[in-house]
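The structure appears right after this line, and notes come after that.
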Amino acid sequence: MLHSLKADFYRLFKSPGFYITLIVLTLYQAMTVWFEAIGHIGMESDQAAQNQARFQDMTWTADVAAQAMSNMSSLMIYFGLPLFVMIIGYDTSRQTYKNILTMGVTRLQYFISKIVVFVVALFLELVFYYGIGMLIAGFRHGWGQINMDFWQDFSQIFSVEFLNILAIFAVATLILYWFFSNVGAVISTIVLPLITTVVITLSQIEWLAPFSFQAATDLAWQLDWSQDFWTQNLLATIGTIIVVNGLAYWVFRQKSL
């Protein structure tokens, strides 16, 4: 499995698409911080609109920029899609997984290798997302209140956002291995969070709220939610990641390759 990990990382870092994604993300962050405007994709709640409005009257120092970027962090779902396709969807689109599996790599090793590489790449991309924005804001308006309290809050919010995004991509992984379709996985990643948000908003079913992964990602830093909600969201994200990825592996294992 170590050789598979090395091969996937090597191919990722040699891929022009990886660097194009980072360049586009850098340009987007530069425009966001320079114009001090928050972008948003998908349904926008009243709370999200209020949060965006309050940043218009603030000087975007590095700490304020981090909070503002948290308010649109679900954009990383879309910037994570190229990574997903380049890492997990690469072999299925070219059917090269057959060659790999005939070279002594088990299906479990192959599956875990893909997931590990994607998780690491997505983590680094999320760090890059915040790092670029905070550096630009810091050099332009100053660093603000960058202290231990800030880093404590930031690490908690970062973890919440990362887990919620991973939960969304867990579903994409299941769709990919079920249908062996990158297109289907990409569509599910975009559409499913929107459908979930609509269902939760219209039904007002409380136990479904922690599964609104996209909304929880965008509002993680802005809402003073109760500890119970965060506990429920943590259980929902980790449970979804484990169960859905487990189903994805089971489907992959049953496939006739």
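In the structure tokens, each chain is lettered A, B, ... as it comes, each chain's residues begin at 1, and ligands are numbered from 1 in order of appearance.
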
Could you give me, as a ChimeraX atom specification, each residue of segment 91-125 of chain A that DSSP assigns to alpha helix (DSSP H) when run on this structure's backbone? /A:91-94,97-101,107-125

Who sits within 7 Å of segment 122-134 of chain A, only C-alpha atoms, same chain under 5 positions skipped, as a PyMOL selection string: chain A and resi 26+29-30+33+62+65-66+80

Kindly export the residues of the current selection with C-alpha atoms, as a PDB file, in the first residue's frame.
ATOM      1  CA  THR A  26      -5.215  31.997  -4.952  1.00  0.00           C
ATOM      2  CA  GLN A  29      -8.836  34.587  -2.380  1.00  0.00           C
ATOM      3  CA  ALA A  30      -6.920  37.652  -3.542  1.00  0.00           C
ATOM      4  CA  VAL A  33      -9.774  39.947   0.405  1.00  0.00           C
ATOM      5  CA  ALA A  62      -5.984  38.737   9.122  1.00  0.00           C
ATOM      6  CA  ALA A  65     -10.480  37.722   7.034  1.00  0.00           C
ATOM      7  CA  ALA A  66     -10.293  34.236   8.560  1.00  0.00           C
ATOM      8  CA  GLY A  80     -12.035  19.883  -3.667  1.00  0.00           C
TER       9      GLY A  80
END

What's the 12 Å shell around Met148 of chain A, counting only C-alpha atoms, without same-chain residues fewer than 6 positions away, as number ranges by chain? A: 63, 154-155

Keeping C-alpha atoms for every residue in the selection just given, could you write it to a file as a tab-separated table (two decimals), in the first residue's frame?
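New file result36.tsv:
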chain	number	residue	atom	x	y	z
A	63	ASP	CA	-8.23	37.55	11.96
A	154	PHE	CA	-9.63	28.61	14.55
A	155	SER	CA	-8.48	25.03	15.14

Could you name the residues that touch Ile242 of chain A at 9 Å or less, counting only C-alpha atoms, but leaving out those on the same chain fewer than 4 positions away, as number ranges by chain? A: 167, 170, 237-238, 246-247

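Comparing the minimum interatomic distances between Phe211 of chain A and each of A:Thr196, A:Gly17, A:Phe118, A:Phe79, counting only C-alpha atoms, we find that A:Thr196 sits nearest.
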
Compare A:Ile77, A:Met31, A:Ile157, A:Val120 by their minimum atom-to-atom distance to Phe9 of chain A, counting only C-alpha atoms, and give me the closest one. A:Val120

re atom CA of Met76 of chain A and atom CA of Val119 of chain A: distance 13.0 Å

Point-to-point distance from atom CA of Lys114 of chain A to atom CA of Leu235 of chain A, Å rounded to tenths: 23.6 Å

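Atom to atom, atom CA of Lys14 of chain A and atom CA of Leu83 of chain A stand 12.7 Å apart.
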
Hey, what's within 9 Å of Asn233 of chain A if we count only C-alpha atoms and toss same-chain stuff fewer than 3 positions away? As a PDB file with N, CA, C and O atoms, in the first residue's frame, please?
ATOM      1  N   VAL A 160     -14.174  21.350  12.371  1.00  0.00           N
ATOM      2  CA  VAL A 160     -15.599  21.186  12.057  1.00  0.00           C
ATOM      3  C   VAL A 160     -15.821  21.263  10.554  1.00  0.00           C
ATOM      4  O   VAL A 160     -16.511  20.423   9.957  1.00  0.00           O
ATOM      5  N   ASN A 164     -17.059  18.185   7.987  1.00  0.00           N
ATOM      6  CA  ASN A 164     -18.304  18.325   7.226  1.00  0.00           C
ATOM      7  C   ASN A 164     -18.059  18.182   5.729  1.00  0.00           C
ATOM      8  O   ASN A 164     -18.867  17.563   5.018  1.00  0.00           O
ATOM      9  N   ALA A 209     -31.011  18.295  11.383  1.00  0.00           N
ATOM     10  CA  ALA A 209     -30.196  19.513  11.320  1.00  0.00           C
ATOM     11  C   ALA A 209     -28.691  19.241  11.336  1.00  0.00           C
ATOM     12  O   ALA A 209     -27.951  19.866  10.571  1.00  0.00           O
ATOM     13  N   PRO A 210     -28.173  18.324  12.164  1.00  0.00           N
ATOM     14  CA  PRO A 210     -26.725  18.086  12.150  1.00  0.00           C
ATOM     15  C   PRO A 210     -26.200  17.519  10.840  1.00  0.00           C
ATOM     16  O   PRO A 210     -24.994  17.514  10.618  1.00  0.00           O
ATOM     17  N   PHE A 211     -27.109  17.049   9.958  1.00  0.00           N
ATOM     18  CA  PHE A 211     -26.687  16.496   8.673  1.00  0.00           C
ATOM     19  C   PHE A 211     -26.664  17.553   7.569  1.00  0.00           C
ATOM     20  O   PHE A 211     -26.393  17.225   6.417  1.00  0.00           O
ATOM     21  N   SER A 212     -26.930  18.789   7.932  1.00  0.00           N
ATOM     22  CA  SER A 212     -26.831  19.880   6.958  1.00  0.00           C
ATOM     23  C   SER A 212     -25.364  20.312   6.893  1.00  0.00           C
ATOM     24  O   SER A 212     -24.960  21.346   7.425  1.00  0.00           O
ATOM     25  N   PHE A 213     -24.553  19.499   6.219  1.00  0.00           N
ATOM     26  CA  PHE A 213     -23.105  19.666   6.258  1.00  0.00           C
ATOM     27  C   PHE A 213     -22.642  20.977   5.620  1.00  0.00           C
ATOM     28  O   PHE A 213     -21.725  21.621   6.115  1.00  0.00           O
ATOM     29  N   ALA A 216     -23.519  23.894   7.989  1.00  0.00           N
ATOM     30  CA  ALA A 216     -22.660  23.857   9.176  1.00  0.00           C
ATOM     31  C   ALA A 216     -21.253  24.335   8.846  1.00  0.00           C
ATOM     32  O   ALA A 216     -20.589  24.974   9.669  1.00  0.00           O
ATOM     33  N   ASP A 228     -24.519  20.869  22.490  1.00  0.00           N
ATOM     34  CA  ASP A 228     -25.258  19.695  22.043  1.00  0.00           C
ATOM     35  C   ASP A 228     -25.291  19.617  20.522  1.00  0.00           C
ATOM     36  O   ASP A 228     -25.147  18.542  19.937  1.00  0.00           O
ATOM     37  N   PHE A 229     -25.478  20.782  19.872  1.00  0.00           N
ATOM     38  CA  PHE A 229     -25.526  20.765  18.409  1.00  0.00           C
ATOM     39  C   PHE A 229     -24.173  20.337  17.835  1.00  0.00           C
ATOM     40  O   PHE A 229     -24.109  19.528  16.912  1.00  0.00           O
ATOM     41  N   TRP A 230     -23.091  20.885  18.383  1.00  0.00           N
ATOM     42  CA  TRP A 230     -21.773  20.537  17.865  1.00  0.00           C
ATOM     43  C   TRP A 230     -21.460  19.066  18.100  1.00  0.00           C
ATOM     44  O   TRP A 230     -20.835  18.418  17.256  1.00  0.00           O
ATOM     45  N   ALA A 236     -22.622  13.113  13.559  1.00  0.00           N
ATOM     46  CA  ALA A 236     -23.198  12.954  12.220  1.00  0.00           C
ATOM     47  C   ALA A 236     -22.108  12.884  11.159  1.00  0.00           C
ATOM     48  O   ALA A 236     -22.167  12.040  10.249  1.00  0.00           O
ATOM     49  N   THR A 237     -21.113  13.763  11.265  1.00  0.00           N
ATOM     50  CA  THR A 237     -20.047  13.775  10.256  1.00  0.00           C
ATOM     51  C   THR A 237     -19.177  12.526  10.340  1.00  0.00           C
ATOM     52  O   THR A 237     -18.937  11.860   9.321  1.00  0.00           O
ATOM     53  N   ILE A 238     -18.718  12.200  11.545  1.00  0.00           N
ATOM     54  CA  ILE A 238     -17.858  11.027  11.701  1.00  0.00           C
ATOM     55  C   ILE A 238     -18.619   9.752  11.345  1.00  0.00           C
ATOM     56  O   ILE A 238     -18.089   8.858  10.671  1.00  0.00           O
TER      57      ILE A 238
END

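When only C-alpha atoms are used to measure the gap to Thr106 of chain A, the shortest distance among A:Asn245, A:Ser74, A:Ser4, A:Thr189 belongs to A:Ser4.
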
Between A:Phe162, A:Trp178, A:Phe169, A:Trp207, smallest distance to Thr240 of chain A by only C-alpha atoms belongs to A:Phe169
